[in-house]
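Shown next: query_30.txt, given as compact mmCIF, C-alpha atoms (C1' of nucleotides).
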# COMPACT_ATOMS: atom_id res chain seq x y z
CA MET A 1 -22.43 -0.74 37.54
CA PRO A 2 -21.01 1.80 35.14
CA LYS A 3 -18.34 0.90 32.63
CA ASP A 4 -14.89 2.18 33.51
CA THR A 5 -13.33 4.84 31.31
CA ARG A 6 -10.80 2.53 29.72
CA THR A 7 -13.49 0.12 28.58
CA GLU A 8 -15.65 2.95 27.36
CA LEU A 9 -12.71 4.28 25.34
CA LEU A 10 -12.08 0.87 23.81
CA ASP A 11 -15.75 0.50 22.89
CA LEU A 12 -15.85 3.93 21.31
CA ALA A 13 -12.56 3.49 19.48
CA GLU A 14 -13.55 0.07 18.16
CA ARG A 15 -16.75 1.45 16.73
CA ALA A 16 -14.85 4.39 15.24
CA VAL A 17 -12.27 2.18 13.53
CA ARG A 18 -14.89 -0.20 12.23
CA SER A 19 -17.21 2.47 10.87
CA ARG A 20 -14.79 5.21 9.81
CA GLY A 21 -11.34 3.61 9.66
CA PHE A 22 -8.14 3.94 11.65
CA ASP A 23 -6.92 7.13 9.98
CA ALA A 24 -10.28 8.86 10.16
CA PHE A 25 -10.86 9.10 13.89
CA SER A 26 -8.92 11.12 16.44
CA TYR A 27 -8.37 11.35 20.17
CA ALA A 28 -10.41 14.57 20.02
CA ASP A 29 -13.39 12.61 18.68
CA LEU A 30 -13.15 10.10 21.50
CA ALA A 31 -12.73 12.86 24.07
CA SER A 32 -15.86 14.74 23.08
CA ALA A 33 -17.85 11.52 22.78
CA ILE A 34 -16.90 10.32 26.23
CA GLY A 35 -16.90 13.71 27.93
CA ILE A 36 -13.32 13.96 29.14
CA ARG A 37 -10.41 15.98 27.81
CA LYS A 38 -8.20 14.79 25.00
CA ALA A 39 -5.11 14.73 27.21
CA SER A 40 -6.80 12.37 29.63
CA ILE A 41 -7.07 9.73 26.95
CA HIS A 42 -3.29 9.67 26.75
CA TYR A 43 -3.32 8.60 30.38
CA HIS A 44 -5.14 5.39 29.45
CA PHE A 45 -3.49 4.90 26.06
CA PRO A 46 -0.24 6.89 25.74
CA THR A 47 -0.22 6.65 21.95
CA LYS A 48 -2.65 5.73 19.21
CA ALA A 49 -0.48 2.68 18.60
CA ASP A 50 -1.10 1.54 22.18
CA LEU A 51 -4.81 2.00 21.67
CA SER A 52 -4.92 -0.01 18.45
CA ASP A 53 -2.86 -2.74 20.04
CA ALA A 54 -5.28 -2.96 22.96
CA LEU A 55 -8.14 -2.96 20.48
CA MET A 56 -6.80 -5.97 18.60
CA THR A 57 -5.88 -7.82 21.80
CA ARG A 58 -9.42 -7.49 23.11
CA TYR A 59 -10.94 -8.32 19.73
CA ARG A 60 -8.93 -11.52 19.42
CA ALA A 61 -9.82 -12.56 22.95
CA ARG A 62 -13.49 -11.91 22.27
CA PHE A 63 -13.51 -13.94 19.08
CA SER A 64 -11.61 -16.74 20.75
CA THR A 65 -14.40 -16.96 23.32
CA LEU A 66 -17.10 -16.72 20.68
CA LEU A 67 -15.56 -19.55 18.68
CA ALA A 68 -15.36 -21.69 21.82
CA ASP A 69 -19.02 -20.92 22.49
CA ILE A 70 -19.94 -22.07 18.99
CA ASN A 71 -18.00 -25.30 19.50
CA ALA A 72 -19.83 -25.92 22.79
CA GLU A 73 -23.23 -25.30 21.28
CA HIS A 74 -22.94 -26.88 17.84
CA PRO A 75 -21.69 -30.45 17.45
CA THR A 76 -21.52 -30.71 13.63
CA GLY A 77 -19.18 -29.04 11.16
CA ALA A 78 -22.02 -27.57 9.13
CA ALA A 79 -23.73 -26.07 12.18
CA ARG A 80 -20.47 -24.44 13.24
CA ILE A 81 -19.85 -22.81 9.85
CA ARG A 82 -23.45 -21.64 9.82
CA ALA A 83 -23.01 -20.11 13.29
CA LEU A 84 -19.83 -18.36 12.15
CA THR A 85 -21.69 -16.88 9.21
CA THR A 86 -24.33 -15.57 11.59
CA LEU A 87 -21.58 -14.12 13.78
CA TYR A 88 -20.12 -12.18 10.86
CA ARG A 89 -23.56 -11.04 9.78
CA THR A 90 -24.28 -9.69 13.27
CA ALA A 91 -20.91 -7.90 13.35
CA LEU A 92 -22.05 -5.76 10.41
CA HIS A 93 -24.58 -3.83 12.53
CA ASP A 94 -26.97 -3.15 9.64
CA GLY A 95 -24.08 -2.53 7.29
CA SER A 96 -22.50 0.32 9.23
CA THR A 97 -19.43 -1.43 10.66
CA LEU A 98 -16.80 -3.73 9.23
CA CYS A 99 -14.94 -6.43 11.08
CA LEU A 100 -12.11 -4.71 12.99
CA CYS A 101 -9.61 -6.93 11.21
CA VAL A 102 -10.92 -5.92 7.77
CA SER A 103 -10.77 -2.25 8.65
CA PHE A 104 -7.26 -2.47 10.08
CA THR A 105 -6.08 -4.40 7.03
CA SER A 106 -7.03 -1.50 4.76
CA SER A 107 -4.95 0.86 6.91
CA VAL A 108 -2.10 -1.55 7.43
CA GLU A 109 0.55 1.02 6.43
CA SER A 110 -0.43 3.28 9.32
CA LEU A 111 -0.07 0.53 11.90
CA THR A 112 2.87 -0.61 14.00
CA PRO A 113 4.51 -4.00 13.44
CA ALA A 114 2.92 -5.22 16.69
CA VAL A 115 -0.60 -4.51 15.42
CA ARG A 116 0.18 -6.01 12.02
CA THR A 117 1.25 -9.16 13.79
CA GLN A 118 -2.01 -9.19 15.71
CA ILE A 119 -3.95 -8.90 12.45
CA LYS A 120 -2.09 -11.92 11.12
CA MET A 121 -2.75 -13.82 14.33
CA PHE A 122 -6.44 -13.02 14.11
CA ARG A 123 -6.68 -14.40 10.57
CA GLU A 124 -4.63 -17.44 11.53
CA MET A 125 -6.99 -18.12 14.42
CA MET A 126 -10.05 -17.80 12.21
CA ALA A 127 -8.59 -19.88 9.38
CA SER A 128 -7.49 -22.70 11.63
CA TRP A 129 -10.86 -22.78 13.42
CA ILE A 130 -12.67 -22.93 10.07
CA GLU A 131 -10.29 -25.63 8.87
CA THR A 132 -10.98 -27.74 11.96
CA SER A 133 -14.70 -27.21 11.47
CA VAL A 134 -14.76 -28.27 7.84
CA VAL A 135 -12.63 -31.31 8.62
CA LEU A 136 -15.17 -32.19 11.30
CA GLY A 137 -17.92 -31.59 8.73
CA ALA A 138 -16.24 -33.89 6.25
CA LYS A 139 -16.12 -36.62 8.89
CA ASP A 140 -19.70 -36.21 10.12
CA GLY A 141 -20.97 -35.87 6.56
CA THR A 142 -22.37 -32.34 6.88
CA VAL A 143 -19.77 -30.55 4.73
CA VAL A 144 -18.59 -31.54 1.26
CA LEU A 145 -14.92 -30.78 0.70
CA ASN A 146 -13.95 -29.99 -2.90
CA THR A 147 -10.41 -28.85 -2.16
CA PRO A 148 -7.97 -29.38 0.73
CA ALA A 149 -9.41 -28.22 4.06
CA ALA A 150 -6.77 -25.51 4.45
CA ASN A 151 -7.85 -23.94 1.16
CA GLU A 152 -11.53 -24.28 2.01
CA ALA A 153 -10.83 -22.40 5.22
CA ARG A 154 -9.07 -19.52 3.46
CA ALA A 155 -11.89 -19.36 0.93
CA VAL A 156 -14.60 -19.22 3.59
CA LEU A 157 -12.75 -16.48 5.46
CA ALA A 158 -12.23 -14.48 2.25
CA LEU A 159 -15.88 -14.90 1.32
CA LEU A 160 -17.11 -13.68 4.71
CA GLU A 161 -14.77 -10.67 4.69
CA GLY A 162 -15.63 -9.86 1.08
CA ALA A 163 -19.33 -10.14 1.84
CA HIS A 164 -18.74 -7.69 4.69
CA LEU A 165 -17.28 -5.15 2.29
CA ALA A 166 -20.16 -5.56 -0.14
CA ALA A 167 -22.70 -4.96 2.61
CA ARG A 168 -20.74 -2.00 3.98
CA ALA A 169 -20.48 -0.37 0.56
CA ASP A 170 -24.23 -0.38 0.10
CA GLY A 171 -25.17 -0.13 3.77
CA ASP A 172 -27.36 -3.11 3.11
CA LEU A 173 -27.25 -6.44 4.95
CA SER A 174 -28.87 -8.26 2.06
CA ARG A 175 -25.64 -7.87 0.07
CA PHE A 176 -24.03 -10.08 2.70
CA ASP A 177 -26.84 -12.60 2.46
CA ASP A 178 -26.65 -12.74 -1.34
CA ALA A 179 -22.95 -13.53 -1.25
CA VAL A 180 -23.14 -16.32 1.33
CA VAL A 181 -26.09 -18.22 -0.17
CA GLY A 182 -23.73 -20.57 -1.98
CA LEU A 183 -21.71 -21.25 1.16
CA LEU A 184 -24.79 -22.11 3.23
CA GLU A 185 -26.11 -24.23 0.35
CA ARG A 186 -23.08 -26.51 0.65
CA LEU A 187 -23.84 -27.30 4.29
CA LYS A 188 -25.94 -30.43 4.58
CA GLU A 189 -28.05 -31.69 7.50
CA MET B 1 6.03 11.48 -24.72
CA PRO B 2 5.80 12.50 -21.08
CA LYS B 3 2.62 11.98 -19.08
CA ASP B 4 0.71 15.17 -18.39
CA THR B 5 0.50 16.39 -14.81
CA ARG B 6 -3.14 15.50 -14.36
CA THR B 7 -2.54 11.89 -15.37
CA GLU B 8 0.55 11.72 -13.21
CA LEU B 9 -1.46 13.00 -10.25
CA LEU B 10 -4.17 10.42 -10.84
CA ASP B 11 -1.60 7.62 -11.06
CA LEU B 12 0.10 8.75 -7.88
CA ALA B 13 -3.15 9.26 -5.99
CA GLU B 14 -4.53 5.89 -7.08
CA ARG B 15 -1.46 4.13 -5.81
CA ALA B 16 -1.64 6.11 -2.56
CA VAL B 17 -5.29 5.24 -1.93
CA ARG B 18 -4.76 1.61 -2.78
CA SER B 19 -1.66 1.16 -0.64
CA ARG B 20 -2.31 3.55 2.26
CA GLY B 21 -6.00 4.42 2.15
CA PHE B 22 -8.01 7.55 1.38
CA ASP B 23 -7.54 9.18 4.78
CA ALA B 24 -3.83 8.44 4.96
CA PHE B 25 -2.50 10.39 1.99
CA SER B 26 -2.40 14.13 1.48
CA TYR B 27 -1.97 16.70 -1.24
CA ALA B 28 1.42 17.42 0.30
CA ASP B 29 2.46 13.81 -0.34
CA LEU B 30 1.42 14.06 -3.98
CA ALA B 31 3.13 17.42 -4.36
CA SER B 32 6.50 16.23 -3.13
CA ALA B 33 6.25 13.01 -5.13
CA ILE B 34 5.49 14.78 -8.39
CA GLY B 35 7.72 17.79 -7.81
CA ILE B 36 5.21 20.63 -7.90
CA ARG B 37 3.75 22.72 -5.09
CA LYS B 38 0.75 21.64 -3.10
CA ALA B 39 -1.30 24.61 -4.26
CA SER B 40 -0.80 23.61 -7.89
CA ILE B 41 -2.63 20.34 -7.32
CA HIS B 42 -5.73 22.33 -6.42
CA TYR B 43 -5.63 23.73 -9.94
CA HIS B 44 -6.15 20.23 -11.38
CA PHE B 45 -8.41 18.91 -8.60
CA PRO B 46 -9.93 21.75 -6.55
CA THR B 47 -10.84 19.44 -3.67
CA LYS B 48 -9.93 15.96 -2.52
CA ALA B 49 -13.51 15.00 -3.32
CA ASP B 50 -12.95 16.00 -6.95
CA LEU B 51 -9.81 13.92 -7.03
CA SER B 52 -11.48 10.81 -5.62
CA ASP B 53 -14.35 11.23 -8.03
CA ALA B 54 -11.95 11.40 -10.98
CA LEU B 55 -10.13 8.38 -9.57
CA MET B 56 -13.26 6.26 -9.52
CA THR B 57 -14.41 7.46 -12.93
CA ARG B 58 -11.12 6.46 -14.50
CA TYR B 59 -11.00 3.17 -12.60
CA ARG B 60 -14.47 2.17 -13.76
CA ALA B 61 -13.64 3.05 -17.36
CA ARG B 62 -10.44 1.03 -17.18
CA PHE B 63 -12.18 -2.02 -15.79
CA SER B 64 -14.93 -1.70 -18.33
CA THR B 65 -12.30 -1.93 -21.06
CA LEU B 66 -10.50 -4.78 -19.37
CA LEU B 67 -13.72 -6.79 -19.07
CA ALA B 68 -14.44 -6.18 -22.75
CA ASP B 69 -10.92 -7.36 -23.58
CA ILE B 70 -11.50 -10.56 -21.64
CA ASN B 71 -14.76 -11.15 -23.51
CA ALA B 72 -12.98 -10.65 -26.83
CA GLU B 73 -10.17 -13.02 -25.95
CA HIS B 74 -11.97 -15.79 -24.06
CA PRO B 75 -15.02 -17.49 -25.54
CA THR B 76 -16.06 -19.72 -22.61
CA GLY B 77 -17.51 -18.82 -19.22
CA ALA B 78 -14.79 -20.65 -17.32
CA ALA B 79 -11.98 -18.95 -19.23
CA ARG B 80 -13.51 -15.56 -18.50
CA ILE B 81 -13.77 -16.16 -14.75
CA ARG B 82 -10.23 -17.46 -14.78
CA ALA B 83 -9.05 -14.32 -16.58
CA LEU B 84 -10.87 -12.15 -14.04
CA THR B 85 -9.12 -13.96 -11.22
CA THR B 86 -5.79 -13.27 -12.89
CA LEU B 87 -6.78 -9.62 -13.26
CA TYR B 88 -7.46 -9.31 -9.53
CA ARG B 89 -4.27 -11.14 -8.72
CA THR B 90 -2.25 -8.73 -10.86
CA ALA B 91 -3.95 -5.75 -9.24
CA LEU B 92 -2.43 -6.75 -5.90
CA HIS B 93 1.13 -5.82 -7.00
CA ASP B 94 2.84 -8.37 -4.76
CA GLY B 95 0.39 -7.71 -1.98
CA SER B 96 1.08 -4.02 -1.58
CA THR B 97 -2.09 -2.54 -3.11
CA LEU B 98 -5.77 -3.28 -2.77
CA CYS B 99 -8.42 -2.85 -5.41
CA LEU B 100 -9.37 0.86 -5.40
CA CYS B 101 -12.95 -0.10 -4.74
CA VAL B 102 -12.03 -2.19 -1.68
CA SER B 103 -9.93 0.61 -0.26
CA PHE B 104 -12.61 3.25 -0.82
CA THR B 105 -15.23 1.00 0.75
CA SER B 106 -13.29 0.94 4.01
CA SER B 107 -13.25 4.75 4.06
CA VAL B 108 -16.79 5.18 2.85
CA GLU B 109 -17.69 7.63 5.63
CA SER B 110 -15.07 10.09 4.42
CA LEU B 111 -16.38 10.11 0.86
CA THR B 112 -18.97 12.25 -0.87
CA PRO B 113 -22.29 10.80 -2.04
CA ALA B 114 -21.06 11.02 -5.63
CA VAL B 115 -18.07 8.77 -4.92
CA ARG B 116 -20.20 6.36 -2.90
CA THR B 117 -22.47 6.06 -5.90
CA GLN B 118 -19.49 5.31 -8.09
CA ILE B 119 -18.39 2.56 -5.72
CA LYS B 120 -21.84 1.00 -6.01
CA MET B 121 -21.73 1.32 -9.79
CA PHE B 122 -18.35 -0.38 -9.90
CA ARG B 123 -19.62 -3.36 -7.92
CA GLU B 124 -22.78 -3.51 -10.02
CA MET B 125 -20.67 -3.58 -13.16
CA MET B 126 -18.46 -6.35 -11.82
CA ALA B 127 -21.35 -8.41 -10.47
CA SER B 128 -23.35 -8.22 -13.66
CA TRP B 129 -20.34 -9.13 -15.80
CA ILE B 130 -19.61 -12.13 -13.58
CA GLU B 131 -23.26 -13.14 -13.69
CA THR B 132 -23.26 -13.02 -17.50
CA SER B 133 -20.05 -15.04 -17.54
CA VAL B 134 -21.30 -17.80 -15.25
CA VAL B 135 -24.56 -18.00 -17.20
CA LEU B 136 -22.47 -18.44 -20.33
CA GLY B 137 -20.42 -21.05 -18.50
CA ALA B 138 -23.53 -22.93 -17.48
CA LYS B 139 -24.63 -23.02 -21.12
CA ASP B 140 -21.28 -24.06 -22.59
CA GLY B 141 -20.75 -26.57 -19.80
CA THR B 142 -17.60 -25.03 -18.34
CA VAL B 143 -19.11 -23.74 -15.09
CA VAL B 144 -21.28 -25.67 -12.64
CA LEU B 145 -23.95 -23.48 -11.03
CA ASN B 146 -25.01 -24.53 -7.54
CA THR B 147 -27.10 -21.45 -6.77
CA PRO B 148 -28.81 -18.76 -8.90
CA ALA B 149 -26.34 -16.97 -11.17
CA ALA B 150 -26.90 -13.64 -9.40
CA ASN B 151 -25.81 -15.16 -6.10
CA GLU B 152 -22.84 -16.92 -7.69
CA ALA B 153 -21.75 -13.55 -9.05
CA ARG B 154 -21.93 -11.84 -5.64
CA ALA B 155 -20.05 -14.76 -4.09
CA VAL B 156 -17.26 -14.65 -6.68
CA LEU B 157 -16.87 -10.89 -6.22
CA ALA B 158 -16.81 -11.22 -2.43
CA LEU B 159 -14.28 -14.04 -2.66
CA LEU B 160 -11.94 -12.04 -4.90
CA GLU B 161 -12.16 -8.95 -2.70
CA GLY B 162 -11.73 -10.99 0.47
CA ALA B 163 -8.75 -12.78 -1.02
CA HIS B 164 -7.31 -9.34 -1.78
CA LEU B 165 -7.55 -8.37 1.87
CA ALA B 166 -5.93 -11.59 3.01
CA ALA B 167 -2.99 -11.08 0.65
CA ARG B 168 -2.67 -7.42 1.63
CA ALA B 169 -2.64 -8.25 5.35
CA ASP B 170 0.28 -10.59 4.97
CA GLY B 171 1.90 -8.84 2.02
CA ASP B 172 1.90 -12.26 0.39
CA LEU B 173 0.33 -13.16 -2.94
CA SER B 174 0.06 -16.81 -2.00
CA ARG B 175 -2.73 -15.91 0.44
CA PHE B 176 -4.74 -14.86 -2.60
CA ASP B 177 -3.93 -18.09 -4.41
CA ASP B 178 -4.90 -20.22 -1.42
CA ALA B 179 -8.31 -18.59 -1.22
CA VAL B 180 -9.20 -18.92 -4.91
CA VAL B 181 -8.15 -22.57 -5.38
CA GLY B 182 -11.73 -23.69 -4.81
CA LEU B 183 -13.12 -21.21 -7.30
CA LEU B 184 -10.68 -22.26 -10.04
CA GLU B 185 -11.36 -25.92 -9.23
CA ARG B 186 -15.00 -25.44 -10.18
CA LEU B 187 -14.10 -24.26 -13.67
CA LYS B 188 -14.04 -27.16 -16.12
CA GLU B 189 -12.29 -27.43 -19.48
C1' DG C 1 -4.78 39.32 -24.53
C1' DT C 2 -6.80 35.55 -22.71
C1' DT C 3 -5.96 30.91 -21.13
C1' DT C 4 -3.05 27.45 -18.89
C1' DA C 5 -0.22 25.93 -15.40
C1' DT C 6 2.45 27.01 -12.09
C1' DC C 7 4.27 29.76 -8.14
C1' DT C 8 4.70 32.19 -3.19
C1' DA C 9 2.52 33.10 0.79
C1' DC C 10 -0.89 32.50 3.64
C1' DC C 11 -5.23 30.79 6.34
C1' DT C 12 -7.91 28.11 9.85
C1' DA C 13 -8.65 23.87 11.90
C1' DC C 14 -6.95 19.98 13.62
C1' DT C 15 -3.34 16.14 14.46
C1' DG C 16 -0.92 13.22 18.07
C1' DG C 17 1.55 14.19 21.94
C1' DT C 18 3.68 16.56 26.29
C1' DA C 19 4.38 19.34 30.68
C1' DG C 20 2.92 20.18 34.85
C1' DG C 21 -0.67 20.47 38.19
C1' DT C 22 -4.54 18.75 41.30
C1' DA C 23 -8.33 16.59 43.79
C1' DG C 24 -9.41 12.22 45.82
C1' DT C 25 -8.23 7.48 47.08
C1' DT C 26 -5.33 3.87 48.95
C1' DC C 27 -1.31 1.97 50.92
C1' DT C 28 2.29 2.01 54.45
C1' DA C 29 4.69 2.46 58.61
C1' DA C 30 5.42 4.70 63.47
C1' DT D 1 -4.58 5.67 64.52
C1' DT D 2 -3.06 8.56 61.81
C1' DA D 3 0.61 11.33 58.97
C1' DG D 4 2.38 11.18 54.84
C1' DA D 5 3.78 8.87 50.59
C1' DA D 6 2.15 7.12 46.40
C1' DC D 7 -1.20 6.28 43.02
C1' DT D 8 -5.35 7.16 39.98
C1' DA D 9 -7.73 9.76 36.91
C1' DC D 10 -8.41 13.61 35.45
C1' DC D 11 -7.38 18.77 34.28
C1' DT D 12 -5.40 23.33 31.67
C1' DA D 13 -2.29 24.93 28.60
C1' DC D 14 0.71 24.20 25.30
C1' DC D 15 3.81 22.26 21.36
C1' DA D 16 5.33 21.41 16.43
C1' DG D 17 3.56 19.63 12.52
C1' DT D 18 0.10 18.82 9.00
C1' DA D 19 -4.54 18.94 6.97
C1' DG D 20 -7.29 20.86 3.02
C1' DG D 21 -7.89 25.03 0.92
C1' DT D 22 -7.44 30.14 -0.89
C1' DA D 23 -5.64 34.72 -2.88
C1' DG D 24 -3.10 36.73 -5.96
C1' DA D 25 1.17 37.08 -8.83
C1' DT D 26 3.72 35.37 -12.86
C1' DA D 27 5.39 33.56 -17.06
C1' DA D 28 4.74 31.11 -21.11
C1' DA D 29 1.49 29.44 -25.03
C1' DC D 30 -2.22 30.05 -28.29
Take the structure from the file and write it as C-alpha cells.
Amino acid sequence: MPKDTRTELLDLAERAVRSRGFDAFSYADLASAIGIRKASIHYHFPTKADLSDALMTRYRARFSTLLADINAEHPTGAARIRALTTLYRTALHDGSTLCLCVSFTSSVESLTPAVRTQIKMFREMMASWIETSVVLGAKDGTVVLNTPAANEARAVLALLEGAHLAARADGDLSRFDDAVVGLLERLKE
Amino acid sequence: MPKDTRTELLDLAERAVRSRGFDAFSYADLASAIGIRKASIHYHFPTKADLSDALMTRYRARFSTLLADINAEHPTGAARIRALTTLYRTALHDGSTLCLCVSFTSSVESLTPAVRTQIKMFREMMASWIETSVVLGAKDGTVVLNTPAANEARAVLALLEGAHLAARADGDLSRFDDAVVGLLERLKE
DNA sequence: GTTTATCTACCTACTGGTAGGTAGTTCTAA
DNA sequence: TTAGAACTACCTACCAGTAGGTAGATAAAC
C-alpha cells in the first residue's frame, strides 16, 4: 500500500528540516521531490506554519510511543537511559540529520508561537521521562545520582542534543559516541 | 572613535546568525540596520560565503584570546572549566543568542567547505583546551576524571552546547544553569 | 590620479501564497 | 437507481516581495 501524499510530504519535510534547517527548504523543493505542483502542497498544508506544526505534532507523538516502548522493554533505569542514547544515535542517520527539535530550536525566530510551544512540550516530555528513569535507576541501584534528578535529566538531554550537533558538524557518528562515553559509564548493571 | 563599517557589519551579522540563523538573515537586513545600501555591503563582503568565513575567523580568534585569558587568570583545572561555563552562559545573552558555532552547525548544508572546516577547527580548539584543562585538574586534584580526558572534553563541550539550545528554546537562562549543575558539582576546591 | 567607500539602478531566480478551474470519487435524496 | 451536490486532490497561471549579486557612476581621501 502506497503512502498517501500528506504522509509523504511530512516525511520529506521532516528530513529537509533536520538536514538543512527550517529556513533552507521550500515548498518548491518538496514539490519537485514528490512530483506534484507547488500549489498542491498548499492544499495539504495551507502555510509553512501549518506544516511545521504538523511536523512537531507527529514527532512528539512518535517519541511518546518510542519512550513507552522503551519502558515496556527495559525494566531498569540504566537500561532505559542506554536505550534512549541508542535512539538518539539512530536519529542521526550517519550524521546527516539532527533531531527535529534541535533543528527547530536554532530557527526559533522563524516559527510561530504554536510551534515554539510544541518545542517546549517536546523537551518537557523528554526531560520528565529521563527524570523518571534516573529516579527508577537510583532505586534499583543501576544509576548513581550526583545531583537532584531534575538536574540530571536536563544534563542528559543537553548532552544528547550537544552530541548530536558535534556529530552533525563532522558528519561522523563517532563524535556522538565519544561524547556519551561518560554517560554510559555511569550506568551500572 | 566610531567603529568602521566592516566591523559594524561583522557585529550585526554575527548577532543575526546567532539569534535568527544563517538562512534567515539577508544583506537587506544588514543594510537597513547599518544605514547603507545593500550593494555597499558587497564591497566589504562580495558574497555571503565571504561574510560567514570572516565571521568564523573572527570568532575563533576571539575565543582563542578568551581561553588564553582564562589560563592566565585561573591556575587550577576546576577554575578553568568553571570560567568556561561562565563564558558560555554569558554568550547566551539572556537566552536570545546561540554560540555562533552551534548556529552554523544547524545550517551546515548551506555553508561552503571553507566555513565547514572552520566549524571543525573551532570545536577542535575547544575540545583540546578542555582536555588540557581536565588533565590539569586531574593532576592538581580539582577535577575527578571518570573516563579518558579526551572523552571528558567532548562530553563537556556537548553539554555546554546542548545547554545553550535548551536555554535558547525557552528564552530562559535558568535552563542553562539547570543543565550544568552536575558539571559544576564535579569541580572540587 | 588612483584608491576607497559609497551610491543608483538593475538583474535573475526564487519565496510563500492565492485564484480559479477540473477530473474523479463519494454522499445524498427522490 | 440514479441525478446532482459536494468533496478530494490535484492543476495552470499568477501575485508581490525578497534573495544574492552586478554594472557603472560618483565623490572624497591619499
Give me, as a tab-separated table, each residue of chain A that comes within 12 Å of chain D, together with its shortest interatomic pair and the distance in Å at one decimal, counting only C-alpha atoms (C1' of nucleotides), with rows ordered by chain and rising residue number.
residue	atom	partner	partner_atom	distance
A:Asp4	CA	D:DA9	C1'	11.0
A:Thr5	CA	D:DA9	C1'	9.3
A:Arg6	CA	D:DA9	C1'	10.6
A:Gly35	CA	D:DC10	C1'	11.3
A:Ile36	CA	D:DC10	C1'	8.0
A:Arg37	CA	D:DC11	C1'	7.7
A:Lys38	CA	D:DC11	C1'	10.1
A:Ala39	CA	D:DC11	C1'	8.5
A:Ser40	CA	D:DC10	C1'	6.2
A:Ile41	CA	D:DC10	C1'	9.4
A:His42	CA	D:DC10	C1'	10.8
A:Tyr43	CA	D:DA9	C1'	8.0
A:His44	CA	D:DA9	C1'	9.0
Expected file contents, prior selection, C-alpha atoms, as a tab-separated table (two decimals), in the frame of the given file:
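Generated output (selection.tsv):
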chain	number	residue	atom	x	y	z
A	4	ASP	CA	-14.89	2.18	33.51
A	5	THR	CA	-13.33	4.84	31.31
A	6	ARG	CA	-10.80	2.53	29.72
A	35	GLY	CA	-16.90	13.71	27.93
A	36	ILE	CA	-13.32	13.96	29.14
A	37	ARG	CA	-10.41	15.98	27.81
A	38	LYS	CA	-8.20	14.79	25.00
A	39	ALA	CA	-5.11	14.73	27.21
A	40	SER	CA	-6.80	12.37	29.63
A	41	ILE	CA	-7.07	9.73	26.95
A	42	HIS	CA	-3.29	9.67	26.75
A	43	TYR	CA	-3.32	8.60	30.38
A	44	HIS	CA	-5.14	5.39	29.45
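Each of B:Ala49, B:Leu165, B:Val156, B:Met126 was checked against Cys99 of chain B using only C-alpha atoms; the smallest atom-to-atom distance is that of B:Leu165.
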Exercise answer, chain A residues close to chain B, 7 Å and only C-alpha atoms, as a PyMOL selection string: chain A and resi 20-21+23-24+103+105-107+109+120+146-147+151-152+154-155+158-159+161-163+165-166+169-170+178-182
Interface residues on chain A facing chain C, 8 Å, only C-alpha atoms (C1' of nucleotides), written as a PyMOL selection string: chain A and resi 26-27+47-48
For Ala33 of chain B: contacts at 10 Å, all atoms listed in the file, fewer than 4 positions along chain excluded, given as a list in words: Glu8, Leu9, Leu12, Tyr27, Ala28 and Asp29 of chain B
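Straight-line separation from atom CA of Ala83 of chain A to atom CA of Ala16 of chain A: 25.9 Å.
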Separation of atom CA of Thr90 of chain A from atom CA of Ala61 of chain A in Å: 17.6 Å
